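Please read the structure below before turning to the comments.
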Amino acid sequence: MRNNLVSSLVFTFPVLAGAFLLFQKIPRNYARAWDIEWGYYAVLALFIWFCIALAWNAKEIFQRVKSFLPSKFSMLGLAALLVLFTVFATTQISLQHRVLSDETSWESMALQMRFSQSGGVCDQGVWVNGKLECKDVVNNFKGKAFAFVHSLAFIFAEPTRDTALRVNLPLAFTSIAMLFFAMFRFTKDSWLALTVAIFLASQPIFLMQSRSASTEVLYIFLFAALLSFYSLVPPKEVSFKHLALVIPLLGFFAQTRQETLFCFIPFVLFYHSYFSARPHRLAIFTALVILASWPAINTMIAYRGYDFQGGQHAAHSFANFKFNVVSNIKIMWNAGLNSSGLLKNPFYTSYTLLLLASFGWLLYRVCRKKYLWSALLFALFCLQIVVILFNVSGTFEIDINQRYVLVALPLFAIVMAVGLCDAAALGLKNNGSKIVCGVAALLAIYLSIYHVESFNKNILYNKNKLLAEEDYLNTELKKFPENSIFIYARPWQMLASGFNGFSERSFLGWSPNELEEWRKFSNDNIYIVRGQDGYGDVDRSSRVVGFKTTSTIDGILNQYRTERIFSQNQPFGYPLEAYKIGRKRGEQSYAASIRWNGATGELEWSMPDTHTDFKVFLNNSLLNLEEGEHNITIEEPGMYYVALFAFPEGDTVKKERQFFIRGDGVRLLQDTRPNTWEQAWGEPNMGRTVENNAMRIDGRVFEFGIGAHATSRLVWNINGAHKKFHSYIGLDDEAVGGNGAIWVVKGDGKELYRSRVLRSYDIDSVSVDISGVNFLELETLDNGDKDYDHTNWAGAWLSN
């Protein structure tokens with residue numbers, strides 16, 4: 001047996017080593033691109049795998065369940081518990097977010113899955129005819145399982161926040177039932193199993209989160225499903241057919257919280273006799289679990305080495321662990337009520353006391369060589385809890401993170417029930433678990449009724465002003481005109497609530513033409529909403545460092561004419577305000593415009609009157625126009641810059657446009673991403689700056705090009721198809737400062753062009769001979785200091 005185990009580990013080691021090597025070697029930018037492009041399809045494939053495996057095992061599962069059922073009275077007790085749980089949750093607890101930023105991130109990811117089949121989060125976008133058009137997809141370190149469940153719900157119900165909020169209650173309901181049946185199969189004690197279900201169902205934080213949109217409820221659901229399956233299939237009877245169902249469940253489990261990857265070992269040890277019988281089994285199983293969990297692993301790669309905290313506390317440390325353990329026990333003790341007579345935190349003191357007493361009793365029993373195997377599996381499963389406690393945000397002093405306890409809640413319920421029933425059995429024999437179950441039921445009912453006002457008033461979550469802000473905005477913004485665009489610090493939250501949303505920084509990054517397009521889309525209804533994130537500075541001494549957009553909002557309010565629509569100070573403690581954004585201060589009101597009609601090939605310009613003099617320049621050449629002529633036809637492919645100068649009385653108005661005519665022999669470089677790239681900071685953006693804004697060099701706006709950051713190297717395979725490379729080069733106005741950068745063009749490794757050092761507001765144009773070049777390389781060098789080096793290849797295109 002020992003030799004077989006050693007052989008299994010020998011076969012498995014290369015699999016684990018290979019996975020670790022991939023984790024270390026895959027570049028973060030590739031992981032992030034894969035996450036957005038393939039993340040959804042990976043989870044969808046896993047779901048299809050699960051459905052096929054479930055159908056394959058369904059008949060056997062049914063027969064195994066039917067062969068050994070709990071007592072009728074305990075099942076009646078379970079039915080009563082489920083009814084009471086559902087009625088209490090739906091009548092006494094409001095349906096609302098309780099974490100907000102995380103919950104709306106999952107909802108926005110689900111919307112992106114539903115409408116774009118993408119694995120990223122839709123950070124900014126608009127709703128058109130009931131469908132979300134995402135304008136900015138970003139990565140997110142949240143697991144994809146919960147978003148995928150929401151995306152399934154969005155197929156059958158309206159894709160909104162309220163639909164997402166209704167998902168958790170049926171998950172919680174089913175979790176209670178599955179945990180009951182699993183514990184009955186393991187212990188063969190119906191009343192002990194019912195006690196576990198009672199302790200889980202009556203935990204205040206479980207009740208509260210069943211009426212929100214937090215992934216931890218899905219975690220409990222999957223934990224209960226795995227435990228149920230393991231209880232149905234003993235180690236001596238397991239086969240690959242059964243593991244085919246376990247593997248996708250473990251894959252989904254890993255995608256609820258990344259820490260769940262660390263509890264893989266106990267699920268293997270439970271079937272150790274099966275794996276040790278054939279050396280290759282464990283290796284294959286491990287490889288398949290890694291494959292099933294890959295979206296979660298890939299997310300960890302994408303954020304490898306990233307410090308989420310960003311404040312004075314380390315993201316992960318032993319100091320965090322010590323602080324979190326002590327503070328969490330204190331908060332779970334939760335003695336007394338607050339000044340309003342409500343629970344201070346969503347925990348019962350009596351439950352914490354029972355948990356500690358039961359844990360102490362079971363620890364004593366383990367020392368007396370009782371429950372040794374179960375204790376080992378329990379300890380290994382708790383590795384994920386240890387990982388959470390090492391995190392700076394693993395403390396319950398951050399009230400929204402008290403939901404993390406849900407990861408351990410099923411274990412707490414099991415420890416409480418098993419410890420109490422085991423102790424009672426010593427004196428009460430066969431009736432011990434019945435008495436414990438009855439006392440647990442009475443205690444749960446009493447505590448729920450006694451603290452019902454705490455549930456009605458949302459316990460501690462009513463202190464979170466962002467939740468009140470969300471509720472107010474969801475009511476007030478529905479009164480605004482259709483297609484209104486809201487500029488807000490949390491635009492993904494706007495999307496999840498069915499509104500159009502962009503960030504303040506994106507608004508400032510729009511080119512004049514983009515701003516006009518959005519004004520047209522919204523019928524000139526663009527509003528900036530200033531909430532909690534728009535006041536004060538970031539507190540870097542906090543254990544959870546957030547973000548502030550104070551200076552950005554001040555900049556918008558100073559630059560643009562605005563009309564205040566509402567200002568509400570209560571109950572927030574700060575003015576929650578909305579302003580309609582008008583024209584830029586000092587901007588000419590003369591409504592001259594330029595329009596390129598790609599369908600007809602016509603360049604058109606217009607003015608509000610017929611007597612004003614004007615001039616039109618095309619690629620810096622003055623057009624000789626007939627009187628009254630307001631359009632020309634352009635057919636030759638290439639890049640064009642047009643400038644309209646109008647001269648109303650006492651003023652000069654300038655309007656600019658850039659357009660590209662596609663055709664034989666020309667290519668807009670941004671149409672295809674580089675085949676390979678390296679960059680010192682961020683990622684190259686096609687058509688935007690490195691910070692995803694419109695390109696501006698010395699105030700001149702470019703609608704096409706590539707935004708990079710020195711030092712950078714971008715390579716395209718052009719297969720010798722073009723003879724000239726054209727571009728404007730310069731540092732973008734979004735980052736003014738530094739000591740400049742250098743632009744280099746290479747063909748097949750040979751340097752073809754090198755610019756002078758260009759500093760802020762410098763701009764040059766280049767036209768480089770690339771005849772016969774297969775690999776076009778665009779490099780920018782940082783001139784010794786990369787700070788502020790937001791380098792643009794503006795209007796980059798190829799011609800013959």
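A note on labels: chains of the structure tokens are A, B, ... as shown, every chain counts residues from 1, and ligands are counted from 1 in their shown order.
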Compile the contact shell of Val744 (chain A) as a PDB file with C-alpha atoms, in the first residue's frame: residues with an atom at most 9 Å away, counting only C-alpha atoms, same-chain residues fewer than 2 positions apart removed.
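So around.pdb came out as:
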```
ATOM      1  CA  ILE A 742      12.646  58.525 -27.963  1.00  0.00           C
ATOM      2  CA  LYS A 746      12.800  48.976 -36.969  1.00  0.00           C
ATOM      3  CA  GLU A 751      16.840  50.419 -37.244  1.00  0.00           C
ATOM      4  CA  LEU A 752      15.095  52.559 -39.877  1.00  0.00           C
ATOM      5  CA  TYR A 753      14.277  55.691 -37.883  1.00  0.00           C
ATOM      6  CA  ARG A 754      15.186  57.260 -34.520  1.00  0.00           C
ATOM      7  CA  SER A 755      13.599  60.459 -33.264  1.00  0.00           C
ATOM      8  CA  GLU A 777       8.926  46.985 -34.753  1.00  0.00           C
ATOM      9  CA  LEU A 778       7.842  50.188 -32.998  1.00  0.00           C
ATOM     10  CA  GLU A 779       9.896  51.015 -29.928  1.00  0.00           C
ATOM     11  CA  THR A 780       9.853  53.849 -27.431  1.00  0.00           C
ATOM     12  CA  LEU A 781      12.787  54.443 -25.069  1.00  0.00           C
TER      13      LEU A 781
END
```
Counting only C-alpha atoms, what is within 8 Å of Phe455 (chain A), bar same-chain residues fewer than 5 positions away, as a count of residues only? 3
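Between CA of Ala375 (chain A) and CA of Ala177 (chain A) there is a distance of 23.8 Å.
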Just want the 9 Å neighbourhood of Ser202 (chain A), counted on only C-alpha atoms, with same-chain residues fewer than 5 positions away dropped. Output as a VMD selection string. chain A and resid 85 197 207 444 to 445 447 to 448
Write a file of the selected residues as an mmCIF file, in the first residue's frame, keeping all heavy atoms.
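File produced: selection-v3.cif:
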```
data_model
loop_
_atom_site.group_PDB
_atom_site.id
_atom_site.type_symbol
_atom_site.label_atom_id
_atom_site.label_comp_id
_atom_site.auth_asym_id
_atom_site.auth_seq_id
_atom_site.Cartn_x
_atom_site.Cartn_y
_atom_site.Cartn_z
ATOM 1 N N PHE A 85 -37.238 29.224 7.531
ATOM 2 C CA PHE A 85 -36.092 29.969 7.001
ATOM 3 C C PHE A 85 -36.531 30.871 5.856
ATOM 4 O O PHE A 85 -36.195 32.063 5.817
ATOM 5 C CB PHE A 85 -35.022 28.982 6.528
ATOM 6 C CG PHE A 85 -33.889 29.617 5.772
ATOM 7 C CD1 PHE A 85 -32.828 30.202 6.458
ATOM 8 C CD2 PHE A 85 -33.871 29.649 4.388
ATOM 9 C CE1 PHE A 85 -31.771 30.795 5.775
ATOM 10 C CE2 PHE A 85 -32.822 30.237 3.698
ATOM 11 C CZ PHE A 85 -31.769 30.814 4.397
ATOM 12 N N ALA A 197 -28.183 21.438 10.340
ATOM 13 C CA ALA A 197 -28.991 22.289 9.457
ATOM 14 C C ALA A 197 -29.562 23.488 10.209
ATOM 15 O O ALA A 197 -29.594 24.611 9.685
ATOM 16 C CB ALA A 197 -30.109 21.464 8.833
ATOM 17 N N LEU A 207 -28.437 34.261 7.059
ATOM 18 C CA LEU A 207 -29.765 34.789 6.717
ATOM 19 C C LEU A 207 -29.632 36.098 5.928
ATOM 20 O O LEU A 207 -30.308 36.293 4.912
ATOM 21 C CB LEU A 207 -30.574 35.023 7.992
ATOM 22 C CG LEU A 207 -31.199 33.779 8.632
ATOM 23 C CD1 LEU A 207 -31.521 34.037 10.102
ATOM 24 C CD2 LEU A 207 -32.465 33.373 7.874
ATOM 25 N N ALA A 444 -32.732 28.706 18.348
ATOM 26 C CA ALA A 444 -32.738 29.407 17.059
ATOM 27 C C ALA A 444 -33.994 30.251 16.894
ATOM 28 O O ALA A 444 -33.931 31.403 16.438
ATOM 29 C CB ALA A 444 -32.613 28.400 15.919
ATOM 30 N N ILE A 445 -35.139 29.677 17.266
ATOM 31 C CA ILE A 445 -36.405 30.412 17.148
ATOM 32 C C ILE A 445 -36.418 31.608 18.085
ATOM 33 O O ILE A 445 -36.798 32.728 17.702
ATOM 34 C CB ILE A 445 -37.594 29.474 17.444
ATOM 35 C CG1 ILE A 445 -37.711 28.411 16.342
ATOM 36 C CG2 ILE A 445 -38.892 30.270 17.565
ATOM 37 C CD1 ILE A 445 -38.705 27.314 16.654
ATOM 38 N N LEU A 447 -33.841 33.303 19.432
ATOM 39 C CA LEU A 447 -32.905 34.346 19.029
ATOM 40 C C LEU A 447 -33.406 35.109 17.806
ATOM 41 O O LEU A 447 -33.252 36.332 17.718
ATOM 42 C CB LEU A 447 -31.532 33.729 18.735
ATOM 43 C CG LEU A 447 -30.753 33.211 19.953
ATOM 44 C CD1 LEU A 447 -29.521 32.435 19.507
ATOM 45 C CD2 LEU A 447 -30.353 34.353 20.878
ATOM 46 N N SER A 448 -34.001 34.401 16.845
ATOM 47 C CA SER A 448 -34.510 35.062 15.630
ATOM 48 C C SER A 448 -35.634 36.031 15.966
ATOM 49 O O SER A 448 -35.694 37.142 15.428
ATOM 50 C CB SER A 448 -34.986 34.015 14.627
ATOM 51 O OG SER A 448 -33.933 33.170 14.238
#
```
Taking into account only C-alpha atoms, which residue in the set A:Ala794, A:Leu22, A:Ala643, A:Val268 is nearest to Asn685 (chain A)? A:Ala794
